[in-house]
Amino acid sequence: MNAATVIIGGVSLAVLVWMLAKLGRAFAAIAETLAALAFLGLALWGLARAVGWIVRQLATHWRTCLTLLALWAWWHWLGWLSLAITAGSVGLVAAVWRLGWRIGFEQWCGRWVRAWWLRWAVYGRKLPGWLHACGLTVRDEAIPVDVTVNLVSRRRKREAVAQSRRDAGVAFPKLLRVRSGPSWDEVRVRLVPGQTPEDFGEAARALATARRVTRVQVREISPDVVSVDFMRRDLLASAVSCLPLPEVAEASAVDLRRVFAGSTEYGTAWRLPLLGGGAHTLVAGASGAGKNSVMWSPLVSAAPAIRSGLVRVSGVDPKGMELAYGRGIFCRYAVSGKEALEVLEALRDELERRKRAFAGQTREVPLSQEFPLELLEFDELAALTRYTDRKTREAITEHISVLNTQGRAALISVRGYVQDPTKETIPVRELFTRRVCLRVTSKSQVSMVLGDGAYERGAWANRIPESTPGVGYVWGEGIREPLRVRAGWVSDATVKALENYVTNGGAQVIDLAHNRGDSKERGTA
């Protein structure tokens with residue numbers, strides 16, 4: 001190795017080291033630039049997420065955000081003492097307001113404050129756990145669950161369980177809104193993919209137990225949103241009064257499509273149609289369940305229309321006791337099966353007369369004194385549709401079927417009452433467009449009256465206590481979910497007052513037995 005080779009090698013090594021140094025500095029600059037860009041990107045991404053979170057909170061919880069912002073501004077600019085004095089004064093005014101005028105306080109202030117408190121203190125914290133315990137969450141089965149329990153710290157244990165749920169891919173329905181009324185909390189949640197509103201309906205009893213309330217109603221708001229309503233206080237625990245007769249004086253003031261019948265579980269008036277959609281009504285309930293209240297309360301409300309002749313009431317009373325107490329109200333009255341057939345045949349003849357008179361002119365007979373609403377009150381329906389001779393039974397069933405299927409447009413309505421709602425007893429129960437299920441003896445009877453799935457949707461009629469007659473569940477036209485109601489109680493004195501009120505207006509009672517005797521005498525002569 002000579003000196004030239006050494007020099008060339010040294011020069012080459014120096015050039016290589018110089019190039020590596022240049023490349024190192026270039027790579028370092030590039031790495032610093034990339035790191036800075038990555039840090040800036042992460043910072044911007046975090047800032048965007050924070051801004052998005054703030055915007056979402058302002059959009060969804062704007063009242064709470066504005067309140068907190070106003071309190072902070074007050075404390076910062078005016079001091080905590082003035083804030084405490086003002087808050088105490090507002091609380092004192094609210095307390096006096098609530099004691100002095102509770103209805104106004106509830107309408108303008110109480111329900112909003114209570115809804116805010118329940119959202120953050122109750123449902124926001126506890127609803128996810130209730131839903132998970134009731135099987136109303138969706139978990140990705142492909143992700144394994146790994147739960148670590150720390151026996152030393154309960155807080156760490158809860159954090160571990162929560163982390164395990166997140167790791168397991170558990171999806172919880174989202175809480176959207178909480179509204180609070182005098183007796184109910186309406187909690188709206190958005191379903192997660194894989195859930196249906198029926199899932200919540202089937203878990204209604206479990207949710208009631210979790211919330212420690214006696215009733216939960218699930219209502220479908222949209223295909224992916226349901227309202228889970230929790231009843232905090234039972235407004236139907238005490239008796240409901242019917243309308244007093246002195247307050248209903250003008251026939252024009254009676255809306256026969258929305259006649260007062262009692263009160264709903266939401267504190268609003270329960271109104272039943274006597275004509276039009278949903279007028280054909282089947283009321284089922286055990287003995288003492290309050291069927292008579294459902295019968296008499298709408299008649300008391302429609303008293304001016306009955307007196308003026310716009311409503312003509314017929315009664316079939318196989319027991320000969322219930323309707324007989326106010327017999328003067330009924331223009332036709334029957335007790336036996338033969339008499340019931342005469343009443344039904346008279347209504348069918350009236351149906352045919354109206355069809356001939358208005359065919360091709362109108363789709364519904366106009367209400368008038370010449371063509372009044374024909375209302376049939378059929379007490380103890382099963383006595384003549386099951387527990388009588390076959391010929392009479394078949395004829396009565398046929399007449400009721402015709403009236404129920406064709407009577408709506410002709411202003412003929414049928415209201416039947418029964419204790420045993422089985423298909424064998426009431427073969428035409430599906431033809432009644434509105435059904436009321438009072439207290440029954442078994443869970444299966446709820447579905448017989450209100451249809452399949454009614455019990456799962458909250459119609460727990462078999463759990464109604466005997467101490468609350470008139471309480472039941474309604475389903476029919478215009479009602480998406482079973483509605484809990486209580487019929488207005490009508491005393492014997494009110495029935496007699498109603499009879500006197502109606503007969504003073506010129507109502508006429510047709511005694512079928514007397515008419516038959518006259519017919520026989522004329523035939524003999």
# chains A, B, ... in the order shown; residues from 1 in each chain; ligands from 1
>>> residues_around(residues="A:Trp270", least_positions_apart="6", cutoff="12 Å", atoms="only C-alpha atoms", output="ChimeraX atom specification")
/A:236,240-243,258-264,294,297-298,301,471-474,483-488
>>> write_last_selection(atoms="C-alpha atoms", output="compact mmCIF listing (two decimals), in the first residue's frame")
# COMPACT_ATOMS: atom_id res chain seq x y z
CA LEU A 236 -106.17 7.73 39.09
CA VAL A 240 -113.22 10.61 39.21
CA SER A 241 -116.53 12.45 39.09
CA CYS A 242 -118.80 12.58 36.08
CA LEU A 243 -120.01 15.88 34.69
CA ARG A 258 -115.63 13.51 22.05
CA VAL A 259 -117.95 12.94 24.99
CA PHE A 260 -116.44 13.24 28.47
CA ALA A 261 -116.12 9.81 30.10
CA GLY A 262 -113.52 10.27 32.85
CA SER A 263 -109.84 11.04 33.28
CA THR A 264 -106.61 9.65 31.82
CA VAL A 294 -118.12 3.46 31.54
CA SER A 297 -120.72 8.62 32.48
CA PRO A 298 -120.90 9.32 28.69
CA SER A 301 -122.29 14.04 29.41
CA VAL A 471 -109.74 1.98 36.08
CA GLY A 472 -108.83 0.29 32.83
CA TYR A 473 -106.96 0.50 29.55
CA VAL A 474 -108.30 1.79 26.23
CA LEU A 483 -104.07 4.33 27.48
CA ARG A 484 -104.83 3.97 31.18
CA VAL A 485 -108.04 5.72 32.20
CA ARG A 486 -110.63 5.90 34.96
CA ALA A 487 -114.30 6.33 34.17
CA GLY A 488 -116.31 8.97 35.97
>>> select_by_dssp(residues="stretch 178-373 of chain A", states="alpha helix (DSSP H)", output="ChimeraX atom specification")
/A:197-202,204-211,291-301,303-308,337-358
>>> residues_around(residues="stretch 106-121 of chain A", least_positions_apart="2", cutoff="9 Å", atoms="only C-alpha atoms", output="list in words")
Thr64, Ala94, Arg98, Trp101, Arg102, Ile103, Gly104, Tyr123, Gly124, Arg125, Lys126, Leu175, Arg177, Val178, Arg179, Ser180, Gly181, Pro182, Asp185 and Val187 of chain A
>>> residues_around(residues="A:Thr196", least_positions_apart="6", cutoff="12 Å", atoms="only C-alpha atoms", output="PyMOL selection string")
chain A and resi 136-138+173+189-190+202-203+218-226
>>> select_by_dssp(residues="stretch 414-505 of chain A", states="strand (DSSP E or B)", output="PDB file with all heavy atoms, in the first residue's frame")
ATOM      1  N   VAL A 414    -122.950   0.791  18.663  1.00  0.00           N
ATOM      2  CA  VAL A 414    -123.205  -0.306  19.599  1.00  0.00           C
ATOM      3  C   VAL A 414    -122.138  -0.280  20.680  1.00  0.00           C
ATOM      4  O   VAL A 414    -120.931  -0.216  20.370  1.00  0.00           O
ATOM      5  CB  VAL A 414    -123.191  -1.669  18.875  1.00  0.00           C
ATOM      6  CG1 VAL A 414    -123.458  -2.799  19.865  1.00  0.00           C
ATOM      7  CG2 VAL A 414    -124.210  -1.687  17.751  1.00  0.00           C
ATOM      8  N   ARG A 415    -122.579  -0.328  21.938  1.00  0.00           N
ATOM      9  CA  ARG A 415    -121.657  -0.395  23.070  1.00  0.00           C
ATOM     10  C   ARG A 415    -122.043  -1.595  23.916  1.00  0.00           C
ATOM     11  O   ARG A 415    -123.135  -1.661  24.474  1.00  0.00           O
ATOM     12  CB  ARG A 415    -121.713   0.890  23.898  1.00  0.00           C
ATOM     13  CG  ARG A 415    -121.331   2.095  23.080  1.00  0.00           C
ATOM     14  CD  ARG A 415    -121.114   3.385  23.803  1.00  0.00           C
ATOM     15  NE  ARG A 415    -121.605   3.506  25.119  1.00  0.00           N
ATOM     16  CZ  ARG A 415    -120.887   4.007  26.149  1.00  0.00           C
ATOM     17  NH1 ARG A 415    -119.629   4.364  25.933  1.00  0.00           N
ATOM     18  NH2 ARG A 415    -121.419   4.141  27.343  1.00  0.00           N
ATOM     19  N   GLY A 416    -121.120  -2.576  23.967  1.00  0.00           N
ATOM     20  CA  GLY A 416    -121.398  -3.814  24.677  1.00  0.00           C
ATOM     21  C   GLY A 416    -120.515  -3.973  25.893  1.00  0.00           C
ATOM     22  O   GLY A 416    -119.380  -3.471  25.944  1.00  0.00           O
ATOM     23  N   TYR A 417    -121.016  -4.723  26.888  1.00  0.00           N
ATOM     24  CA  TYR A 417    -120.333  -4.915  28.159  1.00  0.00           C
ATOM     25  C   TYR A 417    -120.336  -6.404  28.490  1.00  0.00           C
ATOM     26  O   TYR A 417    -121.370  -7.070  28.350  1.00  0.00           O
ATOM     27  CB  TYR A 417    -121.024  -4.108  29.263  1.00  0.00           C
ATOM     28  CG  TYR A 417    -121.211  -2.659  28.891  1.00  0.00           C
ATOM     29  CD1 TYR A 417    -122.307  -2.259  28.140  1.00  0.00           C
ATOM     30  CD2 TYR A 417    -120.272  -1.703  29.244  1.00  0.00           C
ATOM     31  CE1 TYR A 417    -122.476  -0.941  27.765  1.00  0.00           C
ATOM     32  CE2 TYR A 417    -120.431  -0.377  28.875  1.00  0.00           C
ATOM     33  CZ  TYR A 417    -121.535   0.001  28.135  1.00  0.00           C
ATOM     34  OH  TYR A 417    -121.681   1.307  27.754  1.00  0.00           O
ATOM     35  N   VAL A 418    -119.184  -6.915  28.927  1.00  0.00           N
ATOM     36  CA  VAL A 418    -119.050  -8.353  29.130  1.00  0.00           C
ATOM     37  C   VAL A 418    -118.046  -8.622  30.241  1.00  0.00           C
ATOM     38  O   VAL A 418    -117.126  -7.817  30.479  1.00  0.00           O
ATOM     39  CB  VAL A 418    -118.611  -9.029  27.809  1.00  0.00           C
ATOM     40  CG1 VAL A 418    -117.206  -8.607  27.419  1.00  0.00           C
ATOM     41  CG2 VAL A 418    -118.720 -10.535  27.899  1.00  0.00           C
ATOM     42  N   ARG A 434    -113.370   0.121  19.215  1.00  0.00           N
ATOM     43  CA  ARG A 434    -112.710   0.640  20.413  1.00  0.00           C
ATOM     44  C   ARG A 434    -113.014  -0.318  21.551  1.00  0.00           C
ATOM     45  O   ARG A 434    -114.164  -0.715  21.741  1.00  0.00           O
ATOM     46  CB  ARG A 434    -113.186   2.047  20.766  1.00  0.00           C
ATOM     47  CG  ARG A 434    -112.382   2.697  21.899  1.00  0.00           C
ATOM     48  CD  ARG A 434    -112.814   4.146  22.087  1.00  0.00           C
ATOM     49  NE  ARG A 434    -112.617   4.919  20.881  1.00  0.00           N
ATOM     50  CZ  ARG A 434    -111.507   5.570  20.571  1.00  0.00           C
ATOM     51  NH1 ARG A 434    -110.481   5.551  21.396  1.00  0.00           N
ATOM     52  NH2 ARG A 434    -111.413   6.247  19.444  1.00  0.00           N
ATOM     53  N   ARG A 435    -111.963  -0.652  22.299  1.00  0.00           N
ATOM     54  CA  ARG A 435    -112.142  -1.620  23.371  1.00  0.00           C
ATOM     55  C   ARG A 435    -111.553  -1.088  24.664  1.00  0.00           C
ATOM     56  O   ARG A 435    -110.485  -0.467  24.653  1.00  0.00           O
ATOM     57  CB  ARG A 435    -111.513  -2.960  23.002  1.00  0.00           C
ATOM     58  CG  ARG A 435    -112.382  -3.795  22.063  1.00  0.00           C
ATOM     59  CD  ARG A 435    -111.600  -4.876  21.378  1.00  0.00           C
ATOM     60  NE  ARG A 435    -111.023  -4.401  20.130  1.00  0.00           N
ATOM     61  CZ  ARG A 435    -110.188  -5.118  19.394  1.00  0.00           C
ATOM     62  NH1 ARG A 435    -109.827  -6.313  19.796  1.00  0.00           N
ATOM     63  NH2 ARG A 435    -109.705  -4.641  18.280  1.00  0.00           N
ATOM     64  N   VAL A 436    -112.259  -1.355  25.746  1.00  0.00           N
ATOM     65  CA  VAL A 436    -111.849  -0.924  27.076  1.00  0.00           C
ATOM     66  C   VAL A 436    -111.705  -2.165  27.939  1.00  0.00           C
ATOM     67  O   VAL A 436    -112.661  -2.942  28.066  1.00  0.00           O
ATOM     68  CB  VAL A 436    -112.872   0.045  27.701  1.00  0.00           C
ATOM     69  CG1 VAL A 436    -112.400   0.498  29.076  1.00  0.00           C
ATOM     70  CG2 VAL A 436    -113.122   1.243  26.789  1.00  0.00           C
ATOM     71  N   CYS A 437    -110.535  -2.356  28.503  1.00  0.00           N
ATOM     72  CA  CYS A 437    -110.281  -3.503  29.369  1.00  0.00           C
ATOM     73  C   CYS A 437    -110.132  -2.997  30.799  1.00  0.00           C
ATOM     74  O   CYS A 437    -109.134  -2.367  31.149  1.00  0.00           O
ATOM     75  CB  CYS A 437    -109.025  -4.254  28.926  1.00  0.00           C
ATOM     76  SG  CYS A 437    -108.717  -5.783  29.854  1.00  0.00           S
ATOM     77  N   VAL A 471    -111.080   1.850  36.675  1.00  0.00           N
ATOM     78  CA  VAL A 471    -109.741   1.984  36.082  1.00  0.00           C
ATOM     79  C   VAL A 471    -109.559   0.891  35.035  1.00  0.00           C
ATOM     80  O   VAL A 471    -109.903  -0.276  35.273  1.00  0.00           O
ATOM     81  CB  VAL A 471    -108.648   1.889  37.159  1.00  0.00           C
ATOM     82  CG1 VAL A 471    -107.266   1.867  36.504  1.00  0.00           C
ATOM     83  CG2 VAL A 471    -108.754   3.055  38.120  1.00  0.00           C
ATOM     84  N   GLY A 472    -109.050   1.261  33.892  1.00  0.00           N
ATOM     85  CA  GLY A 472    -108.825   0.287  32.830  1.00  0.00           C
ATOM     86  C   GLY A 472    -107.926   0.856  31.758  1.00  0.00           C
ATOM     87  O   GLY A 472    -107.350   1.947  31.900  1.00  0.00           O
ATOM     88  N   TYR A 473    -107.823   0.121  30.668  1.00  0.00           N
ATOM     89  CA  TYR A 473    -106.964   0.498  29.548  1.00  0.00           C
ATOM     90  C   TYR A 473    -107.808   0.551  28.279  1.00  0.00           C
ATOM     91  O   TYR A 473    -108.673  -0.299  28.042  1.00  0.00           O
ATOM     92  CB  TYR A 473    -105.821  -0.492  29.380  1.00  0.00           C
ATOM     93  CG  TYR A 473    -104.887  -0.531  30.562  1.00  0.00           C
ATOM     94  CD1 TYR A 473    -105.158  -1.355  31.647  1.00  0.00           C
ATOM     95  CD2 TYR A 473    -103.754   0.264  30.603  1.00  0.00           C
ATOM     96  CE1 TYR A 473    -104.312  -1.388  32.749  1.00  0.00           C
ATOM     97  CE2 TYR A 473    -102.901   0.242  31.694  1.00  0.00           C
ATOM     98  CZ  TYR A 473    -103.193  -0.590  32.761  1.00  0.00           C
ATOM     99  OH  TYR A 473    -102.359  -0.617  33.848  1.00  0.00           O
ATOM    100  N   VAL A 474    -107.533   1.555  27.449  1.00  0.00           N
ATOM    101  CA  VAL A 474    -108.301   1.789  26.229  1.00  0.00           C
ATOM    102  C   VAL A 474    -107.399   1.585  25.026  1.00  0.00           C
ATOM    103  O   VAL A 474    -106.227   1.993  25.034  1.00  0.00           O
ATOM    104  CB  VAL A 474    -108.882   3.218  26.209  1.00  0.00           C
ATOM    105  CG1 VAL A 474    -109.739   3.430  24.969  1.00  0.00           C
ATOM    106  CG2 VAL A 474    -109.706   3.472  27.446  1.00  0.00           C
ATOM    107  N   TRP A 475    -107.953   0.959  24.004  1.00  0.00           N
ATOM    108  CA  TRP A 475    -107.253   0.838  22.729  1.00  0.00           C
ATOM    109  C   TRP A 475    -108.278   0.919  21.617  1.00  0.00           C
ATOM    110  O   TRP A 475    -109.411   0.444  21.764  1.00  0.00           O
ATOM    111  CB  TRP A 475    -106.504  -0.490  22.639  1.00  0.00           C
ATOM    112  CG  TRP A 475    -105.747  -0.626  21.340  1.00  0.00           C
ATOM    113  CD1 TRP A 475    -104.490  -0.192  21.062  1.00  0.00           C
ATOM    114  CD2 TRP A 475    -106.239  -1.217  20.141  1.00  0.00           C
ATOM    115  NE1 TRP A 475    -104.160  -0.467  19.766  1.00  0.00           N
ATOM    116  CE2 TRP A 475    -105.223  -1.100  19.168  1.00  0.00           C
ATOM    117  CE3 TRP A 475    -107.438  -1.818  19.789  1.00  0.00           C
ATOM    118  CZ2 TRP A 475    -105.366  -1.574  17.879  1.00  0.00           C
ATOM    119  CZ3 TRP A 475    -107.585  -2.286  18.490  1.00  0.00           C
ATOM    120  CH2 TRP A 475    -106.561  -2.170  17.556  1.00  0.00           C
ATOM    121  N   GLY A 476    -107.905   1.540  20.513  1.00  0.00           N
ATOM    122  CA  GLY A 476    -108.815   1.621  19.380  1.00  0.00           C
ATOM    123  C   GLY A 476    -108.360   2.660  18.389  1.00  0.00           C
ATOM    124  O   GLY A 476    -107.174   3.042  18.348  1.00  0.00           O
ATOM    125  N   LEU A 483    -103.973   3.150  26.625  1.00  0.00           N
ATOM    126  CA  LEU A 483    -104.067   4.333  27.478  1.00  0.00           C
ATOM    127  C   LEU A 483    -104.795   3.956  28.758  1.00  0.00           C
ATOM    128  O   LEU A 483    -105.900   3.410  28.714  1.00  0.00           O
ATOM    129  CB  LEU A 483    -104.799   5.452  26.753  1.00  0.00           C
ATOM    130  CG  LEU A 483    -105.053   6.741  27.538  1.00  0.00           C
ATOM    131  CD1 LEU A 483    -103.732   7.439  27.852  1.00  0.00           C
ATOM    132  CD2 LEU A 483    -105.986   7.668  26.772  1.00  0.00           C
ATOM    133  N   ARG A 484    -104.209   4.272  29.889  1.00  0.00           N
ATOM    134  CA  ARG A 484    -104.833   3.968  31.180  1.00  0.00           C
ATOM    135  C   ARG A 484    -105.783   5.097  31.554  1.00  0.00           C
ATOM    136  O   ARG A 484    -105.419   6.270  31.509  1.00  0.00           O
ATOM    137  CB  ARG A 484    -103.757   3.793  32.245  1.00  0.00           C
ATOM    138  CG  ARG A 484    -104.273   3.357  33.611  1.00  0.00           C
ATOM    139  CD  ARG A 484    -103.094   2.914  34.462  1.00  0.00           C
ATOM    140  NE  ARG A 484    -103.476   2.672  35.841  1.00  0.00           N
ATOM    141  CZ  ARG A 484    -103.304   3.540  36.831  1.00  0.00           C
ATOM    142  NH1 ARG A 484    -102.749   4.715  36.581  1.00  0.00           N
ATOM    143  NH2 ARG A 484    -103.665   3.251  38.055  1.00  0.00           N
ATOM    144  N   VAL A 485    -107.006   4.728  31.930  1.00  0.00           N
ATOM    145  CA  VAL A 485    -108.044   5.720  32.198  1.00  0.00           C
ATOM    146  C   VAL A 485    -108.820   5.296  33.443  1.00  0.00           C
ATOM    147  O   VAL A 485    -108.681   4.176  33.949  1.00  0.00           O
ATOM    148  CB  VAL A 485    -109.015   5.843  31.001  1.00  0.00           C
ATOM    149  CG1 VAL A 485    -108.304   6.326  29.759  1.00  0.00           C
ATOM    150  CG2 VAL A 485    -109.715   4.502  30.734  1.00  0.00           C
ATOM    151  N   ARG A 486    -109.667   6.216  33.920  1.00  0.00           N
ATOM    152  CA  ARG A 486    -110.631   5.896  34.964  1.00  0.00           C
ATOM    153  C   ARG A 486    -111.941   6.589  34.626  1.00  0.00           C
ATOM    154  O   ARG A 486    -111.977   7.811  34.439  1.00  0.00           O
ATOM    155  CB  ARG A 486    -110.151   6.335  36.351  1.00  0.00           C
ATOM    156  CG  ARG A 486    -111.102   5.883  37.463  1.00  0.00           C
ATOM    157  CD  ARG A 486    -110.482   5.946  38.829  1.00  0.00           C
ATOM    158  NE  ARG A 486    -111.342   5.299  39.820  1.00  0.00           N
ATOM    159  CZ  ARG A 486    -110.999   5.082  41.089  1.00  0.00           C
ATOM    160  NH1 ARG A 486    -109.791   5.475  41.512  1.00  0.00           N
ATOM    161  NH2 ARG A 486    -111.822   4.477  41.908  1.00  0.00           N
ATOM    162  N   ALA A 487    -112.994   5.796  34.540  1.00  0.00           N
ATOM    163  CA  ALA A 487    -114.296   6.326  34.170  1.00  0.00           C
ATOM    164  C   ALA A 487    -114.878   7.137  35.315  1.00  0.00           C
ATOM    165  O   ALA A 487    -114.648   6.855  36.497  1.00  0.00           O
ATOM    166  CB  ALA A 487    -115.236   5.184  33.797  1.00  0.00           C
ATOM    167  N   TRP A 489    -117.380   8.286  38.028  1.00  0.00           N
ATOM    168  CA  TRP A 489    -118.335   7.544  38.841  1.00  0.00           C
ATOM    169  C   TRP A 489    -119.692   8.237  38.812  1.00  0.00           C
ATOM    170  O   TRP A 489    -119.800   9.449  38.990  1.00  0.00           O
ATOM    171  CB  TRP A 489    -117.836   7.441  40.274  1.00  0.00           C
ATOM    172  CG  TRP A 489    -118.772   6.691  41.177  1.00  0.00           C
ATOM    173  CD1 TRP A 489    -119.063   5.364  41.139  1.00  0.00           C
ATOM    174  CD2 TRP A 489    -119.540   7.250  42.243  1.00  0.00           C
ATOM    175  NE1 TRP A 489    -119.966   5.038  42.118  1.00  0.00           N
ATOM    176  CE2 TRP A 489    -120.292   6.179  42.819  1.00  0.00           C
ATOM    177  CE3 TRP A 489    -119.690   8.522  42.780  1.00  0.00           C
ATOM    178  CZ2 TRP A 489    -121.151   6.360  43.890  1.00  0.00           C
ATOM    179  CZ3 TRP A 489    -120.552   8.714  43.846  1.00  0.00           C
ATOM    180  CH2 TRP A 489    -121.269   7.638  44.392  1.00  0.00           C
TER     181      TRP A 489
END
>>> closest_residue(among="A:Val170, A:Leu272, A:Cys134, A:Ala346", to="A:Ala208", atoms="only C-alpha atoms")
A:Cys134
>>> residues_around(residues="A:Asp379", least_positions_apart="6", cutoff="10 Å", atoms="only C-alpha atoms", output="number ranges by chain")
A: 283, 291-292, 295, 315-320, 322-323, 335, 415-418
>>> residues_around(residues="A:Glu394", least_positions_apart="3", cutoff="12 Å", atoms="only C-alpha atoms", output="MDAnalysis selection string")
chainID A and resid 337 341 384:391 397:401 425:428
>>> atom_distance(atom1="atom CA of A:Ser183", atom2="atom CA of A:Arg233")
4.7 Å
>>> closest_atom_pairs(of="stretch 215-324 of chain A", to="stretch 498-504 of chain A", cutoff="7 Å", atoms="only C-alpha atoms", output="Markdown table")
| residue | atom | partner | partner_atom | distance |
| --- | --- | --- | --- | --- |
| A:Val300 | CA | A:Leu498 | CA | 6.5 |
| A:Ala303 | CA | A:Val502 | CA | 6.7 |
| A:Ile306 | CA | A:Val502 | CA | 6.6 |
| A:Arg307 | CA | A:Val502 | CA | 4.6 |
>>> residues_around(residues="stretch 366-377 of chain A", least_positions_apart="6", cutoff="6 Å", atoms="only C-alpha atoms", output="PyMOL selection string")
chain A and resi 309-315+411-415
>>> atom_distance(atom1="atom CA of A:Leu275", atom2="atom CA of A:Ala359")
19.0 Å
>>> atom_distance(atom1="atom CA of A:Ser227", atom2="atom CA of A:Leu191")
10.6 Å
>>> decode(residues="stretch 317-323 of chain A", atoms="all heavy atoms", output="compact mmCIF listing (two decimals), in the first residue's frame")
# COMPACT_ATOMS: atom_id res chain seq x y z
N ASP A 317 -130.92 -5.24 28.60
CA ASP A 317 -130.51 -5.47 29.99
C ASP A 317 -130.92 -6.87 30.43
O ASP A 317 -131.97 -7.04 31.05
CB ASP A 317 -131.13 -4.40 30.89
CG ASP A 317 -130.62 -4.46 32.32
OD1 ASP A 317 -129.62 -5.17 32.56
OD2 ASP A 317 -131.21 -3.80 33.19
N PRO A 318 -130.13 -7.89 30.09
CA PRO A 318 -130.54 -9.26 30.44
C PRO A 318 -130.76 -9.46 31.94
O PRO A 318 -131.60 -10.28 32.33
CB PRO A 318 -129.37 -10.12 29.93
CG PRO A 318 -128.75 -9.30 28.85
CD PRO A 318 -128.90 -7.88 29.30
N LYS A 319 -130.05 -8.75 32.80
CA LYS A 319 -130.26 -8.88 34.24
C LYS A 319 -131.54 -8.18 34.70
O LYS A 319 -132.09 -8.51 35.75
CB LYS A 319 -129.07 -8.29 35.01
CG LYS A 319 -127.79 -9.09 34.88
CD LYS A 319 -126.73 -8.60 35.84
CE LYS A 319 -126.40 -7.13 35.65
NZ LYS A 319 -125.29 -6.68 36.52
N GLY A 320 -132.00 -7.21 33.92
CA GLY A 320 -133.18 -6.48 34.30
C GLY A 320 -133.00 -5.61 35.51
O GLY A 320 -133.98 -5.25 36.19
N MET A 321 -131.76 -5.20 35.80
CA MET A 321 -131.47 -4.44 37.01
C MET A 321 -130.73 -3.13 36.71
O MET A 321 -131.15 -2.06 37.14
CB MET A 321 -130.65 -5.28 37.98
CG MET A 321 -131.37 -6.50 38.53
SD MET A 321 -132.72 -6.06 39.63
CE MET A 321 -131.80 -5.38 41.01
N GLU A 322 -129.66 -3.23 35.93
CA GLU A 322 -128.78 -2.08 35.77
C GLU A 322 -129.44 -0.96 34.97
O GLU A 322 -129.59 0.16 35.43
CB GLU A 322 -127.47 -2.52 35.10
CG GLU A 322 -126.49 -1.39 34.85
CD GLU A 322 -126.09 -0.68 36.13
OE1 GLU A 322 -125.97 -1.37 37.17
OE2 GLU A 322 -125.90 0.54 36.10
N LEU A 323 -129.86 -1.26 33.74
CA LEU A 323 -130.47 -0.23 32.91
C LEU A 323 -131.87 0.11 33.37
O LEU A 323 -132.37 1.21 33.10
CB LEU A 323 -130.49 -0.69 31.45
CG LEU A 323 -129.13 -1.00 30.81
CD1 LEU A 323 -129.29 -1.35 29.35
CD2 LEU A 323 -128.17 0.15 30.98
